[in-house]
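S.K.: Sharing target-v1.csv (CSV, C-alpha atoms (C1' of nucleotides)) below.
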```csv
chain,number,residue,atom,x,y,z
A,1,MET,CA,0.0,0.0,0.0
A,2,ASN,CA,1.4,3.4,-1.0
A,3,TYR,CA,0.2,6.8,-0.1
A,4,TRP,CA,-0.2,9.9,-2.3
A,5,LEU,CA,-1.4,13.4,-2.3
A,6,VAL,CA,-3.2,15.2,-5.1
A,7,LYS,CA,-4.1,18.8,-5.3
A,8,SER,CA,-7.1,20.4,-6.8
A,9,GLU,CA,-8.7,23.8,-6.6
A,10,PRO,CA,-12.0,23.3,-4.9
A,11,GLU,CA,-13.6,25.8,-7.2
A,12,GLU,CA,-12.5,23.6,-10.1
A,13,TYR,CA,-13.0,20.2,-8.6
A,14,GLY,CA,-13.2,19.8,-4.8
A,15,PHE,CA,-13.6,16.8,-2.6
A,16,GLN,CA,-17.3,17.3,-2.5
A,17,ASP,CA,-17.3,16.9,-6.3
A,18,LEU,CA,-15.5,13.6,-6.0
A,19,ILE,CA,-18.1,12.5,-3.4
A,20,ASP,CA,-20.9,13.5,-5.7
A,21,GLU,CA,-19.4,11.6,-8.6
A,22,GLU,CA,-18.4,8.5,-6.5
A,23,VAL,CA,-15.7,7.7,-9.1
A,24,GLY,CA,-13.7,10.6,-10.4
A,25,CYS,CA,-11.4,10.6,-13.4
A,26,TRP,CA,-8.1,12.2,-12.4
A,27,ASP,CA,-7.1,13.7,-15.7
A,28,GLY,CA,-5.6,16.8,-17.2
A,29,VAL,CA,-2.2,16.4,-15.5
A,30,ARG,CA,0.5,17.9,-17.8
A,31,ASN,CA,3.6,17.6,-15.8
A,32,TYR,CA,5.9,14.7,-16.3
A,33,GLN,CA,6.8,14.2,-12.6
A,34,ALA,CA,3.1,14.3,-11.7
A,35,ARG,CA,2.3,12.0,-14.5
A,36,ASN,CA,4.9,9.5,-13.4
A,37,ASN,CA,3.5,9.6,-10.0
A,38,LEU,CA,0.0,8.8,-11.4
A,39,ARG,CA,1.5,5.9,-13.2
A,40,ALA,CA,3.0,4.5,-10.0
A,41,MET,CA,-0.4,4.4,-8.3
A,42,LYS,CA,-1.9,1.0,-7.6
A,43,ILE,CA,-5.4,-0.1,-6.9
A,44,ASP,CA,-6.4,0.6,-3.3
A,45,ASP,CA,-3.6,3.0,-2.7
A,46,GLU,CA,-4.8,5.9,-0.5
A,47,VAL,CA,-4.7,9.4,-1.7
A,48,PHE,CA,-4.9,12.6,0.4
A,49,PHE,CA,-7.1,15.2,-1.3
A,50,TYR,CA,-5.6,18.7,-0.9
A,51,HIS,CA,-7.5,21.9,-1.7
A,52,SER,CA,-5.1,24.4,-3.3
A,53,ARG,CA,-5.6,28.2,-3.8
A,54,GLN,CA,-8.7,28.1,-1.6
A,55,GLY,CA,-8.7,26.2,1.6
A,56,LEU,CA,-5.0,25.2,1.5
A,57,GLU,CA,-5.6,22.1,3.5
A,58,ILE,CA,-5.9,18.3,3.2
A,59,VAL,CA,-9.6,17.7,3.4
A,60,GLY,CA,-10.2,14.1,2.6
A,61,ILE,CA,-9.0,10.6,1.7
A,62,ALA,CA,-9.6,8.9,-1.6
A,63,ARG,CA,-8.7,5.5,-3.0
A,64,VAL,CA,-7.3,4.5,-6.3
A,65,VAL,CA,-9.9,2.4,-8.1
A,66,ARG,CA,-8.4,2.3,-11.6
A,67,GLU,CA,-4.7,2.4,-12.4
A,68,ALA,CA,-3.1,4.6,-15.0
A,69,TYR,CA,-4.7,4.7,-18.5
A,70,PRO,CA,-4.4,7.1,-21.4
A,71,ASP,CA,-5.7,10.5,-20.4
A,72,PRO,CA,-8.9,11.0,-22.5
A,73,THR,CA,-8.5,14.8,-22.3
A,74,ALA,CA,-5.0,14.7,-23.9
A,75,GLU,CA,-5.2,15.5,-27.6
A,76,LYS,CA,-1.5,14.9,-28.1
A,77,GLY,CA,1.3,13.7,-26.0
A,78,ASP,CA,1.8,10.8,-23.6
A,79,TRP,CA,-0.4,11.5,-20.6
A,80,SER,CA,-2.1,9.4,-18.1
A,81,ALA,CA,-5.2,9.5,-15.8
A,82,VAL,CA,-6.4,7.4,-12.9
A,83,ASP,CA,-9.8,6.9,-11.3
A,84,LEU,CA,-10.3,7.8,-7.7
A,85,SER,CA,-13.2,7.2,-5.3
A,86,PRO,CA,-13.7,9.1,-2.1
A,87,ILE,CA,-13.2,7.3,1.2
A,88,ARG,CA,-14.2,10.0,3.7
A,89,TRP,CA,-13.6,13.5,4.9
A,90,LEU,CA,-10.9,13.9,7.5
A,91,SER,CA,-12.1,14.4,11.0
A,92,ALA,CA,-10.2,17.6,11.0
A,93,PRO,CA,-8.6,19.1,7.9
A,94,VAL,CA,-4.8,19.4,8.0
A,95,SER,CA,-3.7,22.9,6.8
A,96,LEU,CA,-0.6,23.8,4.9
A,97,LYS,CA,0.2,26.1,7.8
A,98,ALA,CA,0.1,23.1,10.2
A,99,ILE,CA,2.2,21.0,7.9
A,100,LYS,CA,4.8,23.8,7.5
A,101,SER,CA,5.0,24.3,11.2
A,102,GLU,CA,5.7,20.6,11.8
A,103,PRO,CA,9.5,20.0,11.5
A,104,ALA,CA,9.0,16.3,10.7
A,105,LEU,CA,7.1,17.3,7.5
A,106,SER,CA,9.6,19.9,6.3
A,107,ASP,CA,10.8,17.6,3.5
A,108,MET,CA,7.3,17.0,2.1
A,109,ALA,CA,7.0,17.8,-1.6
A,110,LEU,CA,4.0,19.9,-0.7
A,111,VAL,CA,6.4,22.2,1.1
A,112,ARG,CA,9.5,21.9,-1.0
A,113,ASN,CA,7.9,21.9,-4.5
A,114,GLY,CA,4.7,24.0,-4.2
A,115,ARG,CA,3.9,23.3,-7.9
A,116,LEU,CA,3.8,19.6,-8.0
A,117,SER,CA,0.2,18.4,-8.1
A,118,VAL,CA,0.6,14.7,-7.6
A,119,MET,CA,3.1,13.4,-5.1
A,120,PRO,CA,4.0,10.4,-3.0
A,121,ILE,CA,3.6,10.5,0.8
A,122,SER,CA,5.9,8.4,2.9
A,123,THR,CA,4.4,6.0,5.5
A,124,ASP,CA,5.9,8.1,8.3
A,125,HIS,CA,4.4,11.3,6.9
A,126,HIS,CA,1.1,9.6,6.4
A,127,THR,CA,0.9,8.3,9.9
A,128,LEU,CA,1.7,11.8,11.3
A,129,ILE,CA,-0.8,13.5,9.0
A,130,MET,CA,-3.5,11.1,10.0
A,131,LYS,CA,-2.7,11.9,13.7
A,132,MET,CA,-2.9,15.6,13.0
A,133,ALA,CA,-6.2,15.0,11.3
A,134,GLY,CA,-7.6,13.4,14.5
A,135,GLU,CA,-7.9,10.1,12.7
A,136,ASP,CA,-7.6,6.8,14.5
A,137,PRO,CA,-4.4,5.2,13.2
A,138,SER,CA,-5.9,1.7,13.2
B,1,DG,C1',-4.7,40.2,-7.9
B,2,DC,C1',0.2,39.8,-7.5
B,3,DC,C1',4.3,37.6,-8.2
B,4,DA,C1',7.9,34.0,-7.1
B,5,DA,C1',9.1,29.5,-8.5
B,6,DC,C1',9.2,26.2,-11.6
B,7,DG,C1',8.7,23.8,-16.2
B,8,DT,C1',8.7,24.2,-21.0
B,9,DT,C1',9.7,26.2,-25.5
B,10,DG,C1',12.4,27.7,-29.1
B,11,DG,C1',16.2,30.6,-31.2
B,12,DC,C1',20.8,30.3,-31.7
C,1,DG,C1',22.9,21.9,-25.8
C,2,DC,C1',22.5,26.4,-23.7
C,3,DC,C1',19.7,29.8,-21.9
C,4,DA,C1',16.3,33.7,-22.4
C,5,DA,C1',11.5,34.2,-22.8
C,6,DC,C1',7.2,32.7,-21.8
C,7,DG,C1',3.3,30.3,-19.4
C,8,DT,C1',1.3,28.2,-15.4
C,9,DT,C1',0.7,27.1,-10.7
C,10,DG,C1',-0.4,28.3,-6.3
C,11,DG,C1',0.8,30.7,-1.7
C,12,DC,C1',0.2,35.1,-0.1
```
Written as structure tokens, how would this file's structure read?
M.R.:
Amino acid sequence: MNYWLVKSEPEEYGFQDLIDEEVGCWDGVRNYQARNNLRAMKIDDEVFFYHSRQGLEIVGIARVVREAYPDPTAEKGDWSAVDLSPIRWLSAPVSLKAIKSEPALSDMALVRNGRLSVMPISTDHHTLIMKMAGEDPS
DNA sequence: GCCAACGTTGGC
DNA sequence: GCCAACGTTGGC
């Protein structure tokens, strides 16, 4: 089981939209690093859902339900999409501010590379973030 | 809305 | 293959 984090502007496509859709196609990624991360996702991997621009916090958890396939929105180029399903809202959202003020999370890509929209999350970071979100680690 | 940081493009 | 110019992302 691997952990990931994806960013989306809630005005564009927020966690509520994923809940409404039940299965969301994660397409439109046009960055090679982000694309390669999408391709490394496996069924049932857990994905933190982060609201960028507005909110600036991790709000929910999703699950990979379909592994990488050709991005239907790509007219040219070699791009990939995955499908995600919502698991649940976090008990308490974890803000970027809280993440930045946690020394153990200072090497997260979210902090180091503000522009990467799909990134892996280490098990240690995942555990800590779940704790910060008031989630039972079990 | 601004602008810094980053990635990509294209001229040489 | 270098690097300046440009476009985009996303925090502030």
S.K.: Would you kindly report the residues of chain C within 12 Å of chain A, using all atoms listed in the file, as a list in words?
M.R.: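 Filtering chain C at 12 Å from chain A with all atoms listed in the file gives DT8, DT9, DG10, DG11 and DC12 of chain C.
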S.K.: Please work out which residues fall within 12 Å of (-8.1, 4.2, -8.8), coordinates as given in the file, with all atoms listed in the file counting, and return them as an MDAnalysis selection string.
M.R.: chainID A and resid 4 22:27 38:47 62:69 81:87
S.K.: How far is it from atom CA of Leu105 of chain A to atom CA of Phe15 of chain A, in Å with one decimal?
M.R.: 23.0 Å
S.K.: If I take atom CA of Ile61 of chain A and atom CA of Asn36 of chain A, how far is one from the other in Å, to one decimal?
M.R.: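 Interatomic distance, atom CA of Ile61 of chain A to atom CA of Asn36 of chain A: 20.6 Å.
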S.K.: From the options A:Thr123, A:Asn2, A:Asn31, A:Ser80, which residue's atoms come nearest to DG7 of chain B, counting only C-alpha atoms (C1' of nucleotides)?
M.R.: A:Asn31
S.K.: Provide segment 21-40 of chain A of the preceding structure as a file containing N, CA, C and O atoms, as an mmCIF file, in the first residue's frame.
M.R.:
```cif
data_model
loop_
_atom_site.group_PDB
_atom_site.id
_atom_site.type_symbol
_atom_site.label_atom_id
_atom_site.label_comp_id
_atom_site.auth_asym_id
_atom_site.auth_seq_id
_atom_site.Cartn_x
_atom_site.Cartn_y
_atom_site.Cartn_z
ATOM 1 N N GLU A 21 -19.596 12.454 -7.404
ATOM 2 C CA GLU A 21 -19.376 11.606 -8.585
ATOM 3 C C GLU A 21 -19.182 10.128 -8.246
ATOM 4 O O GLU A 21 -19.346 9.277 -9.106
ATOM 5 N N GLU A 22 -18.718 9.896 -7.022
ATOM 6 C CA GLU A 22 -18.410 8.543 -6.538
ATOM 7 C C GLU A 22 -17.147 7.968 -7.163
ATOM 8 O O GLU A 22 -16.348 7.349 -6.473
ATOM 9 N N VAL A 23 -17.010 8.110 -8.470
ATOM 10 C CA VAL A 23 -15.740 7.750 -9.111
ATOM 11 C C VAL A 23 -15.321 8.937 -9.959
ATOM 12 O O VAL A 23 -16.072 9.376 -10.830
ATOM 13 N N GLY A 24 -14.152 9.464 -9.672
ATOM 14 C CA GLY A 24 -13.670 10.637 -10.399
ATOM 15 C C GLY A 24 -12.471 10.290 -11.260
ATOM 16 O O GLY A 24 -11.564 9.583 -10.831
ATOM 17 N N CYS A 25 -12.516 10.771 -12.488
ATOM 18 C CA CYS A 25 -11.399 10.565 -13.401
ATOM 19 C C CYS A 25 -10.357 11.663 -13.145
ATOM 20 O O CYS A 25 -10.657 12.843 -13.291
ATOM 21 N N TRP A 26 -9.156 11.250 -12.722
ATOM 22 C CA TRP A 26 -8.118 12.236 -12.421
ATOM 23 C C TRP A 26 -7.282 12.472 -13.667
ATOM 24 O O TRP A 26 -6.276 11.809 -13.893
ATOM 25 N N ASP A 27 -7.747 13.416 -14.471
ATOM 26 C CA ASP A 27 -7.078 13.667 -15.744
ATOM 27 C C ASP A 27 -6.572 15.097 -15.809
ATOM 28 O O ASP A 27 -6.678 15.843 -14.843
ATOM 29 N N GLY A 28 -6.005 15.439 -16.939
ATOM 30 C CA GLY A 28 -5.564 16.812 -17.155
ATOM 31 C C GLY A 28 -4.184 17.122 -16.622
ATOM 32 O O GLY A 28 -3.722 18.253 -16.745
ATOM 33 N N VAL A 29 -3.511 16.138 -16.045
ATOM 34 C CA VAL A 29 -2.153 16.370 -15.546
ATOM 35 C C VAL A 29 -1.207 16.541 -16.724
ATOM 36 O O VAL A 29 -1.168 15.703 -17.625
ATOM 37 N N ARG A 30 -0.464 17.636 -16.732
ATOM 38 C CA ARG A 30 0.451 17.918 -17.845
ATOM 39 C C ARG A 30 1.834 18.248 -17.317
ATOM 40 O O ARG A 30 2.477 19.214 -17.741
ATOM 41 N N ASN A 31 2.254 17.459 -16.390
ATOM 42 C CA ASN A 31 3.587 17.633 -15.793
ATOM 43 C C ASN A 31 4.169 16.238 -15.664
ATOM 44 O O ASN A 31 3.507 15.334 -15.158
ATOM 45 N N TYR A 32 5.393 16.074 -16.156
ATOM 46 C CA TYR A 32 5.947 14.720 -16.253
ATOM 47 C C TYR A 32 6.119 14.049 -14.902
ATOM 48 O O TYR A 32 5.851 12.864 -14.738
ATOM 49 N N GLN A 33 6.578 14.818 -13.945
ATOM 50 C CA GLN A 33 6.788 14.246 -12.615
ATOM 51 C C GLN A 33 5.442 13.785 -12.029
ATOM 52 O O GLN A 33 5.321 12.687 -11.493
ATOM 53 N N ALA A 34 4.446 14.643 -12.164
ATOM 54 C CA ALA A 34 3.119 14.305 -11.661
ATOM 55 C C ALA A 34 2.561 13.099 -12.415
ATOM 56 O O ALA A 34 1.976 12.186 -11.823
ATOM 57 N N ARG A 35 2.781 13.072 -13.726
ATOM 58 C CA ARG A 35 2.301 11.958 -14.529
ATOM 59 C C ARG A 35 2.948 10.647 -14.087
ATOM 60 O O ARG A 35 2.281 9.611 -13.958
ATOM 61 N N ASN A 36 4.255 10.696 -13.865
ATOM 62 C CA ASN A 36 4.945 9.485 -13.437
ATOM 63 C C ASN A 36 4.435 9.009 -12.086
ATOM 64 O O ASN A 36 4.343 7.803 -11.836
ATOM 65 N N ASN A 37 4.083 9.942 -11.233
ATOM 66 C CA ASN A 37 3.488 9.558 -9.954
ATOM 67 C C ASN A 37 2.128 8.907 -10.154
ATOM 68 O O ASN A 37 1.815 7.898 -9.511
ATOM 69 N N LEU A 38 1.333 9.451 -11.075
ATOM 70 C CA LEU A 38 0.034 8.832 -11.381
ATOM 71 C C LEU A 38 0.230 7.396 -11.832
ATOM 72 O O LEU A 38 -0.510 6.489 -11.445
ATOM 73 N N ARG A 39 1.258 7.196 -12.658
ATOM 74 C CA ARG A 39 1.493 5.853 -13.218
ATOM 75 C C ARG A 39 1.972 4.865 -12.170
ATOM 76 O O ARG A 39 1.880 3.651 -12.368
ATOM 77 N N ALA A 40 2.495 5.369 -11.076
ATOM 78 C CA ALA A 40 2.985 4.483 -10.018
ATOM 79 C C ALA A 40 1.881 4.106 -9.039
ATOM 80 O O ALA A 40 2.082 3.281 -8.151
#
```
